[in-house]
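> File run_21.pdb below, PDB, C-alpha atoms and all ligand atoms:
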```pdb
ATOM      1  CA  MET J   1      71.714 -40.931  76.995
ATOM      2  CA  ASN J   2      72.838 -40.356  73.409
ATOM      3  CA  SER J   3      74.816 -43.155  71.853
ATOM      4  CA  SER J   4      77.201 -40.845  70.042
ATOM      5  CA  ASP J   5      78.781 -37.454  70.394
ATOM      6  CA  THR J   6      78.797 -35.528  67.129
ATOM      7  CA  THR J   7      81.099 -32.811  68.467
ATOM      8  CA  LEU J   8      84.104 -35.107  68.874
ATOM      9  CA  VAL J   9      86.984 -35.578  66.443
ATOM     10  CA  PRO J  10      87.363 -39.386  66.501
ATOM     11  CA  MET J  11      90.690 -41.001  67.378
ATOM     12  CA  THR J  12      92.190 -42.380  64.174
ATOM     13  CA  GLU J  13      93.218 -46.018  63.725
ATOM     14  CA  GLU J  14      96.815 -44.809  63.354
ATOM     15  CA  GLN J  15      96.631 -42.943  66.678
ATOM     16  CA  LYS J  16      95.174 -46.059  68.365
ATOM     17  CA  PHE J  17      97.952 -48.229  66.950
ATOM     18  CA  PHE J  18     100.764 -45.975  68.153
ATOM     19  CA  PHE J  19      99.161 -45.080  71.497
ATOM     20  CA  ASP J  20      98.693 -48.769  72.270
ATOM     21  CA  LEU J  21     102.199 -49.653  71.061
ATOM     22  CA  ARG J  22     104.141 -46.862  72.753
ATOM     23  CA  GLY J  23     101.837 -45.455  75.473
ATOM     24  CA  TRP J  24     102.001 -41.915  74.132
ATOM     25  CA  ILE J  25     101.250 -39.856  71.019
ATOM     26  CA  LEU J  26     102.148 -36.350  69.905
ATOM     27  CA  LEU J  27      99.619 -34.087  68.174
ATOM     28  CA  PRO J  28     101.860 -31.452  66.580
ATOM     29  CA  GLY J  29     100.768 -27.871  65.881
ATOM     30  CA  VAL J  30      97.148 -28.058  67.051
ATOM     31  CA  LEU J  31      96.711 -24.435  68.162
ATOM     32  CA  SER J  32      96.776 -21.288  65.983
ATOM     33  CA  GLN J  33      99.324 -18.514  66.570
ATOM     34  CA  ASP J  34      96.552 -16.285  67.998
ATOM     35  CA  GLU J  35      95.473 -18.986  70.452
ATOM     36  CA  ILE J  36      99.062 -19.659  71.485
ATOM     37  CA  GLY J  37      99.677 -15.934  72.072
ATOM     38  CA  ALA J  38      96.577 -15.515  74.247
ATOM     39  CA  MET J  39      97.261 -18.683  76.247
ATOM     40  CA  LYS J  40     100.924 -17.874  76.831
ATOM     41  CA  ALA J  41      99.993 -14.406  78.071
ATOM     42  CA  GLU J  42      97.596 -15.968  80.587
ATOM     43  CA  ALA J  43     100.076 -18.651  81.653
ATOM     44  CA  TYR J  44     102.975 -16.230  82.172
ATOM     45  CA  THR J  45     100.717 -13.769  84.042
ATOM     46  CA  ALA J  46      99.426 -16.553  86.281
ATOM     47  CA  ASP J  47     102.995 -17.680  86.941
ATOM     48  CA  ILE J  48     104.165 -14.188  87.953
ATOM     49  CA  ALA J  49     101.119 -13.781  90.202
ATOM     50  CA  ARG J  50     101.718 -17.202  91.732
ATOM     51  CA  ASN J  51     105.369 -16.399  92.447
ATOM     52  CA  GLN J  52     104.261 -13.205  94.134
ATOM     53  CA  GLN J  53     101.596 -15.236  95.940
ATOM     54  CA  ALA J  54      99.053 -12.781  94.536
ATOM     55  CA  ILE J  55      96.720 -15.478  93.204
ATOM     56  CA  ASN J  56      95.828 -18.967  94.207
ATOM     57  CA  PRO J  57      96.979 -21.345  91.409
ATOM     58  CA  ARG J  58      93.597 -23.054  91.787
ATOM     59  CA  GLN J  59      92.121 -19.977  90.128
ATOM     60  CA  SER J  60      94.272 -19.722  87.023
ATOM     61  CA  PHE J  61      91.812 -21.259  84.543
ATOM     62  CA  GLN J  62      89.422 -18.378  84.031
ATOM     63  CA  GLY J  63      90.416 -17.374  80.468
ATOM     64  CA  THR J  64      91.196 -19.138  77.200
ATOM     65  CA  LEU J  65      93.443 -21.694  78.945
ATOM     66  CA  GLN J  66      90.332 -23.507  80.122
ATOM     67  CA  THR J  67      89.420 -24.301  76.487
ATOM     68  CA  LEU J  68      92.345 -26.760  76.531
ATOM     69  CA  LEU J  69      90.480 -28.900  79.092
ATOM     70  CA  ASP J  70      88.149 -30.232  76.400
ATOM     71  CA  HIS J  71      89.764 -29.019  73.193
ATOM     72  CA  PRO J  72      88.188 -30.911  70.231
ATOM     73  CA  ALA J  73      91.611 -32.250  69.188
ATOM     74  CA  VAL J  74      91.928 -34.209  72.445
ATOM     75  CA  ALA J  75      88.324 -34.685  73.647
ATOM     76  CA  GLY J  76      87.530 -37.343  71.014
ATOM     77  CA  ILE J  77      90.699 -39.250  71.870
ATOM     78  CA  LEU J  78      89.972 -39.041  75.608
ATOM     79  CA  ALA J  79      86.396 -40.266  75.057
ATOM     80  CA  GLU J  80      87.806 -43.209  73.086
ATOM     81  CA  ILE J  81      90.455 -44.248  75.621
ATOM     82  CA  LEU J  82      88.603 -43.421  78.870
ATOM     83  CA  ALA J  83      84.973 -44.312  78.158
ATOM     84  CA  GLU J  84      82.677 -46.744  76.411
ATOM     85  CA  GLU J  85      80.589 -45.631  73.452
ATOM     86  CA  PRO J  86      77.170 -45.888  75.216
ATOM     87  CA  PHE J  87      78.320 -43.176  77.626
ATOM     88  CA  HIS J  88      79.243 -40.659  74.920
ATOM     89  CA  SER J  89      76.877 -37.685  74.756
ATOM     90  CA  ASP J  90      76.650 -34.335  72.976
ATOM     91  CA  ASP J  91      75.791 -32.654  76.258
ATOM     92  CA  PHE J  92      78.220 -34.183  78.759
ATOM     93  CA  HIS J  93      81.751 -35.504  78.627
ATOM     94  CA  ALA J  94      82.184 -39.271  79.078
ATOM     95  CA  PHE J  95      85.426 -38.825  81.028
ATOM     96  CA  ARG J  96      86.630 -36.673  83.913
ATOM     97  CA  CYS J  97      89.360 -34.111  84.440
ATOM     98  CA  GLU J  98      90.888 -34.387  87.876
ATOM     99  CA  ASN J  99      93.908 -32.131  87.946
ATOM    100  CA  SER J 100      95.214 -29.170  85.974
ATOM    101  CA  PHE J 101      98.311 -27.027  86.371
ATOM    102  CA  ILE J 102     100.668 -24.731  84.474
ATOM    103  CA  THR J 103     104.436 -25.271  84.369
ATOM    104  CA  ILE J 104     106.879 -22.506  83.436
ATOM    105  CA  ARG J 105     110.553 -23.518  83.240
ATOM    106  CA  PRO J 106     113.114 -20.863  82.274
ATOM    107  CA  PRO J 107     116.310 -21.847  80.409
ATOM    108  CA  GLY J 108     118.566 -23.506  82.991
ATOM    109  CA  TRP J 109     115.685 -24.917  85.061
ATOM    110  CA  SER J 110     116.863 -28.040  86.897
ATOM    111  CA  LYS J 111     114.792 -31.169  87.447
ATOM    112  CA  GLN J 112     116.209 -31.161  90.999
ATOM    113  CA  GLU J 113     113.574 -28.515  91.709
ATOM    114  CA  ARG J 114     110.978 -31.268  91.534
ATOM    115  CA  ARG J 115     110.249 -33.414  94.530
ATOM    116  CA  ASP J 116     111.121 -36.534  92.510
ATOM    117  CA  GLY J 117     114.327 -35.007  91.071
ATOM    118  CA  GLY J 118     113.338 -36.195  87.581
ATOM    119  CA  LEU J 119     113.140 -39.875  88.526
ATOM    120  CA  PRO J 120     111.280 -41.987  85.922
ATOM    121  CA  HIS J 121     107.948 -42.946  87.492
ATOM    122  CA  VAL J 122     104.384 -44.200  86.896
ATOM    123  CA  VAL J 123     101.058 -43.774  88.668
ATOM    124  CA  ARG J 124     101.152 -47.423  89.838
ATOM    125  CA  PRO J 125     103.396 -50.174  88.443
ATOM    126  CA  PRO J 126     101.403 -51.748  85.571
ATOM    127  CA  GLN J 127     103.121 -55.108  86.222
ATOM    128  CA  GLN J 128     100.385 -55.915  88.744
ATOM    129  CA  ALA J 129      96.642 -55.340  88.376
ATOM    130  CA  ASN J 130      95.447 -51.999  89.757
ATOM    131  CA  ALA J 131      92.603 -49.561  89.176
ATOM    132  CA  MET J 132      94.719 -46.987  87.273
ATOM    133  CA  ARG J 133      96.424 -49.303  84.813
ATOM    134  CA  TYR J 134      96.428 -49.356  81.029
ATOM    135  CA  GLN J 135      94.300 -52.062  79.400
ATOM    136  CA  ALA J 136      93.416 -53.111  75.874
ATOM    137  CA  ALA J 137      90.642 -55.704  75.520
ATOM    138  CA  GLY J 138      87.871 -56.427  73.044
ATOM    139  CA  GLY J 139      89.510 -54.215  70.412
ATOM    140  CA  LYS J 140      89.348 -51.271  72.790
ATOM    141  CA  ILE J 141      91.839 -49.220  74.793
ATOM    142  CA  PHE J 142      91.237 -48.159  78.367
ATOM    143  CA  ALA J 143      94.121 -45.909  79.335
ATOM    144  CA  GLY J 144      93.576 -45.538  83.103
ATOM    145  CA  LEU J 145      94.978 -42.278  84.418
ATOM    146  CA  THR J 146      95.813 -40.223  81.310
ATOM    147  CA  ARG J 147      97.780 -36.978  80.973
ATOM    148  CA  VAL J 148      97.557 -34.334  78.255
ATOM    149  CA  VAL J 149     100.482 -31.909  78.098
ATOM    150  CA  TRP J 150      99.930 -28.756  76.033
ATOM    151  CA  GLU J 151     103.266 -27.276  74.970
ATOM    152  CA  LEU J 152     102.782 -23.540  74.437
ATOM    153  CA  GLU J 153     106.452 -22.954  73.493
ATOM    154  CA  GLU J 154     108.677 -24.853  71.076
ATOM    155  CA  VAL J 155     110.176 -28.063  72.466
ATOM    156  CA  ARG J 156     113.367 -29.613  71.100
ATOM    157  CA  ALA J 157     114.196 -33.256  71.704
ATOM    158  CA  GLY J 158     116.867 -33.671  74.359
ATOM    159  CA  GLN J 159     116.324 -30.170  75.731
ATOM    160  CA  GLY J 160     113.754 -30.722  78.431
ATOM    161  CA  GLY J 161     110.384 -32.103  77.279
ATOM    162  CA  THR J 162     108.826 -34.957  79.238
ATOM    163  CA  SER J 163     110.542 -38.250  78.353
ATOM    164  CA  PHE J 164     109.004 -41.709  78.068
ATOM    165  CA  LEU J 165     110.033 -45.365  78.113
ATOM    166  CA  SER J 166     107.819 -46.373  75.198
ATOM    167  CA  GLY J 167     105.965 -49.649  75.732
ATOM    168  CA  SER J 168     106.573 -49.733  79.498
ATOM    169  CA  HIS J 169     102.837 -49.252  80.164
ATOM    170  CA  LYS J 170     102.559 -52.945  79.210
ATOM    171  CA  ALA J 171     105.618 -54.156  81.172
ATOM    172  CA  HIS J 172     105.307 -57.575  82.808
ATOM    173  CA  PHE J 173     108.610 -57.578  84.656
ATOM    174  CA  SER J 174     109.859 -55.317  87.438
ATOM    175  CA  TYR J 175     112.011 -52.213  86.955
ATOM    176  CA  GLY J 176     114.852 -53.980  88.770
ATOM    177  CA  GLY J 177     114.309 -52.309  92.141
ATOM    178  CA  PRO J 178     113.774 -54.062  95.470
ATOM    179  CA  ASP J 179     110.031 -53.402  95.777
ATOM    180  CA  ARG J 180     107.552 -54.512  93.110
ATOM    181  CA  TYR J 181     105.013 -51.945  94.325
ATOM    182  CA  ARG J 182     107.344 -48.956  94.056
ATOM    183  CA  PRO J 183     105.976 -46.601  91.355
ATOM    184  CA  ASN J 184     109.410 -45.472  90.139
ATOM    185  CA  ILE J 185     112.804 -46.908  89.175
ATOM    186  CA  SER J 186     114.700 -45.865  92.321
ATOM    187  CA  ASP J 187     117.331 -48.392  93.481
ATOM    188  CA  SER J 188     117.084 -50.283  90.195
ATOM    189  CA  SER J 189     120.452 -51.690  89.184
ATOM    190  CA  TRP J 190     119.607 -50.962  85.554
ATOM    191  CA  GLU J 191     118.409 -47.378  86.080
ATOM    192  CA  LYS J 192     121.104 -46.139  83.650
ATOM    193  CA  SER J 193     119.912 -48.395  80.794
ATOM    194  CA  ILE J 194     116.310 -47.394  81.391
ATOM    195  CA  ARG J 195     117.206 -43.704  81.256
ATOM    196  CA  GLU J 196     119.262 -44.217  78.080
ATOM    197  CA  MET J 197     116.329 -45.907  76.380
ATOM    198  CA  MET J 198     113.852 -43.136  77.170
ATOM    199  CA  GLU J 199     112.782 -40.842  74.346
ATOM    200  CA  ASP J 200     111.133 -37.468  74.011
ATOM    201  CA  TYR J 201     109.853 -35.265  71.192
ATOM    202  CA  SER J 202     110.389 -32.075  69.250
ATOM    203  CA  CYS J 203     107.305 -30.009  68.533
ATOM    204  CA  PRO J 204     106.228 -26.509  67.611
ATOM    205  CA  ALA J 205     104.379 -24.339  70.117
ATOM    206  CA  GLY J 206     100.712 -25.306  70.283
ATOM    207  CA  SER J 207     101.204 -29.094  70.280
ATOM    208  CA  ALA J 208      99.696 -31.688  72.636
ATOM    209  CA  VAL J 209     101.235 -34.873  74.032
ATOM    210  CA  ILE J 210      98.890 -37.551  75.398
ATOM    211  CA  PHE J 211     100.280 -40.342  77.574
ATOM    212  CA  THR J 212      99.065 -43.006  79.963
ATOM    213  CA  GLU J 213     100.437 -42.527  83.476
ATOM    214  CA  SER J 214     101.183 -46.287  83.481
ATOM    215  CA  LEU J 215     104.073 -45.427  81.157
ATOM    216  CA  LEU J 216     107.465 -44.732  82.771
ATOM    217  CA  HIS J 217     108.034 -41.011  82.276
ATOM    218  CA  ALA J 218     110.270 -38.292  83.672
ATOM    219  CA  ALA J 219     110.821 -34.561  83.947
ATOM    220  CA  ASN J 220     114.099 -33.262  82.480
ATOM    221  CA  ASP J 221     116.397 -30.244  82.818
ATOM    222  CA  TRP J 222     115.206 -27.441  80.516
ATOM    223  CA  THR J 223     118.351 -26.638  78.537
ATOM    224  CA  ASN J 224     116.779 -24.944  75.507
ATOM    225  CA  PRO J 225     118.420 -21.496  75.642
ATOM    226  CA  ASP J 226     115.918 -19.822  73.302
ATOM    227  CA  ASN J 227     112.638 -20.085  75.170
ATOM    228  CA  PRO J 228     111.216 -21.302  78.476
ATOM    229  CA  ARG J 229     108.992 -24.331  78.727
ATOM    230  CA  CYS J 230     105.424 -23.164  79.088
ATOM    231  CA  ALA J 231     103.142 -26.175  79.417
ATOM    232  CA  VAL J 232      99.676 -26.925  80.707
ATOM    233  CA  PHE J 233      99.277 -30.367  82.308
ATOM    234  CA  ASN J 234      95.738 -31.760  82.444
ATOM    235  CA  CYS J 235      95.007 -35.184  83.952
ATOM    236  CA  TYR J 236      91.969 -37.332  83.103
ATOM    237  CA  ASN J 237      90.286 -40.465  84.323
ATOM    238  CA  SER J 238      87.234 -42.680  83.901
ATOM    239  CA  LEU J 239      83.894 -41.373  85.166
ATOM    240  CA  TRP J 240      84.237 -44.028  87.873
ATOM    241  CA  ALA J 241      87.780 -43.607  89.109
ATOM    242  CA  GLN J 242      89.815 -40.908  90.822
ATOM    243  CA  TRP J 243      93.491 -40.500  91.689
ATOM    244  CA  HIS J 244      94.056 -36.780  92.365
ATOM    245  CA  ARG J 245      92.043 -34.498  94.545
ATOM    246  CA  LEU J 246      90.470 -31.854  92.339
ATOM    247  CA  ASN J 247      92.645 -28.725  92.321
ATOM    248  CA  LEU J 248      90.271 -26.184  90.731
ATOM    249  CA  ASP J 249      87.942 -24.034  92.810
ATOM    250  CA  HIS J 250      84.160 -24.362  92.513
ATOM    251  CA  GLU J 251      83.827 -20.713  91.408
ATOM    252  CA  ILE J 252      86.084 -21.376  88.394
ATOM    253  CA  ILE J 253      84.205 -24.537  87.372
ATOM    254  CA  GLU J 254      80.783 -22.966  87.944
ATOM    255  CA  ALA J 255      81.616 -20.262  85.380
ATOM    256  CA  MET J 256      82.465 -22.786  82.626
ATOM    257  CA  PRO J 257      80.004 -23.869  79.897
ATOM    258  CA  PRO J 258      77.895 -26.858  81.100
ATOM    259  CA  LYS J 259      79.605 -29.533  79.008
ATOM    260  CA  ARG J 260      83.081 -28.465  80.183
ATOM    261  CA  ARG J 261      81.788 -28.297  83.744
ATOM    262  CA  SER J 262      80.681 -31.946  83.515
ATOM    263  CA  LEU J 263      84.392 -32.899  83.504
ATOM    264  CA  PHE J 264      84.354 -32.215  87.235
ATOM    265  CA  ARG J 265      81.196 -34.044  88.327
ATOM    266  CA  GLY J 266      81.034 -36.536  91.184
ATOM    267  CA  VAL J 267      82.669 -39.967  90.775
ATOM    268  CA  TRP J 268      79.738 -42.419  90.880
ATOM    269  CA  GLN J 269      77.372 -44.169  88.487
ATOM    270  CA  ILE J 270      74.448 -45.935  90.191
ATOM    271  CA  GLY J 271      71.733 -44.138  92.160
ATOM    272  CA  GLY J 272      70.370 -41.578  89.725
ATOM    273  CA  GLU J 273      71.493 -39.622  86.675
ATOM    274  CA  ASN J 274      75.073 -38.428  87.040
ATOM    275  CA  SER J 275      75.758 -36.128  84.134
ATOM    276  CA  ALA J 276      75.856 -32.536  85.384
ATOM    277  CA  TYR J 277      78.300 -30.791  87.688
ATOM    278  CA  SER J 278      76.944 -28.867  90.674
ATOM    279  CA  LEU J 279      78.134 -27.829  94.108
ATOM    280  CA  GLU J 280      76.393 -30.944  95.456
ATOM    281  CA  ASN J 281      77.744 -33.189  92.682
ATOM    282  CA  ARG J 282      81.443 -32.481  92.258
ATOM    283  CA  SER J 283      84.510 -34.624  92.696
ATOM    284  CA  LEU J 284      86.448 -33.706  95.816
TER
HETATM  285  O1  LIG J 301     107.356 -32.275  84.220
HETATM  286  C1  LIG J 301     107.436 -33.198  83.399
HETATM  287  O2  LIG J 301     107.942 -33.069  82.289
HETATM  288  C2  LIG J 301     106.869 -34.548  83.801
HETATM  289  C3  LIG J 301     105.475 -34.412  84.310
HETATM  290  C4  LIG J 301     104.906 -35.641  84.949
HETATM  291  O3  LIG J 301     105.559 -36.378  85.625
HETATM  292  C5  LIG J 301     103.473 -35.931  84.739
HETATM  293  O4  LIG J 301     102.821 -35.209  83.977
HETATM  294  O5  LIG J 301     102.948 -36.897  85.334
HETATM  295 FE    FE J 302     104.316 -38.036  86.349
END
```
Could I get this file's structure written as C-alpha cells?


Amino acid sequence: MNSSDTTLVPMTEEQKFFFDLRGWILLPGVLSQDEIGAMKAEAYTADIARNQQAINPRQSFQGTLQTLLDHPAVAGILAEILAEEPFHSDDFHAFRCENSFITIRPPGWSKQERRDGGLPHVVRPPQQANAMRYQAAGGKIFAGLTRVVWELEEVRAGQGGTSFLSGSHKAHFSYGGPDRYRPNISDSSWEKSIREMMEDYSCPAGSAVIFTESLLHAANDWTNPDNPRCAVFNCYNSLWAQWHRLNLDHEIIEAMPPKRRSLFRGVWQIGGENSAYSLENRSL
C-alpha cells in the first residue's frame, strides 16, 4: 500500500484548527459556474423524475453529480479526518461513502416536512463513548460519521441552511433532556437557548460544508425567496465502520472510475486485501 496519496489536496492547519474547535467548516465557492450549471440541471431533473416516481432516487448519480463524491477539495480533508496516513493510496480512497442524496427545497419549504421537524440532533450523543463519535488524539482528528453538504444554490444565513451548535461535538454534559442516550434535544428544558445559540452560514452556489455528525445540527425552513435550496448530502465513514445502509445501486457504482468505486467497498480489514469494490465486496 502506498504511504501517500499525491492526488489529494491536504487539509490545512487552519482548517484542522477550526474543524476541531467548531465541528464544521465551510469551503466557499469551490465549483465553477459551468460545473454548478451542469450539476443543478441534473439535480432538478432527478427531483422532477423522483416526484413523478419515474426514477428510483438510488439511480440519480450517473452524471457529473457523482464527481462530488470524491471531489479533490474534500477528498484530502476526508482522508485526513477519517483515515490514518498508512492507508492513503493513489489508487483507492482511505475512507468510505455510505449515503448520498439530493435535497431540493423551494422558497417556503417547511422543516415540518422532515420526520424530525427540524429538531437539533446528532448521530449518537458524543457525551458517552460510541463508535461514531468525534475524537482528537495524538495530534490527529478522527471525525466519526462525517457529512459533506454541497450547496448548488446561494445560501443566506438565517434563511434555511443547515444550522450547527458549534463545539457540541465535544460536549461532556447532557442536552438537558430526560434520556442521556437520546440523539436529539427533545424534552430539554433549555431547548430554546440551544436553538438561539445555533449558527449557520452564507455562501455562494458551489460551496461545500463539512461537519461531524456528532455536532448538534438541524434543518431549517427555507425562507430565501430568490432561489430554492439545491444541495447534495454525502455521508462518509472510516473504512471499518458503517452507520447507514448504502443507498446507491450496484449498477451506478459499477460504472464509476475504480478509485471512486472504492468508496463503496466492503467494511472489513483483516482476511485479505480490501481495496477494490466489486459485487462480492460492497458495503450493504
Ligand atoms: O437538511 C438539513 O439541513 C439537515 C441535514 C441533516 O440533518 C444531516 O445532514 O444530517
Ligand atoms: Fe442530521

> On this structure, which residues satisfy the PyMOL selection byres (((not hetatm)) within 10 of (chain J and resi 301)), written as number ranges by chain?

J: 100-101, 103-105, 111, 114, 116, 118-123, 145-149, 160-164, 200, 210-222, 229, 231-235

> Could you tell me which residues the PyMOL selection byres (((chain J and resi 186) around 9) and not hetatm) returns for this structure, as a PyMOL selection string?

chain J and resi 119-121+175-178+182-185+187-189+191

> Write out as an MDAnalysis selection string which residues come within 12 Å of J:Gln128 when counting all atoms listed in the file, dropping same-chain ones fewer than 4 positions away.

chainID J and resid 124 132:135 169:174 180:183 214

> Could you tell me, as a tab-separated table (two decimals) with C-alpha atoms, in the frame of the given file, exactly which residues end up selected when the PyMOL selection byres (((chain J and resi 108) around 9) and not hetatm) is applied to this structure?


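The result, stored in part-v1.tsv:
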```tsv
chain	number	residue	atom	x	y	z
J	105	ARG	CA	110.55	-23.52	83.24
J	106	PRO	CA	113.11	-20.86	82.27
J	107	PRO	CA	116.31	-21.85	80.41
J	109	TRP	CA	115.68	-24.92	85.06
J	110	SER	CA	116.86	-28.04	86.90
J	221	ASP	CA	116.40	-30.24	82.82
J	222	TRP	CA	115.21	-27.44	80.52
J	223	THR	CA	118.35	-26.64	78.54
J	224	ASN	CA	116.78	-24.94	75.51
J	225	PRO	CA	118.42	-21.50	75.64
J	228	PRO	CA	111.22	-21.30	78.48
```

> From the list J:Ser166, J:Glu42, J:Arg115, J:Asp226, which residue is nearest ligand FE 302 (chain J) when using only C-alpha atoms and all ligand atoms?

J:Arg115
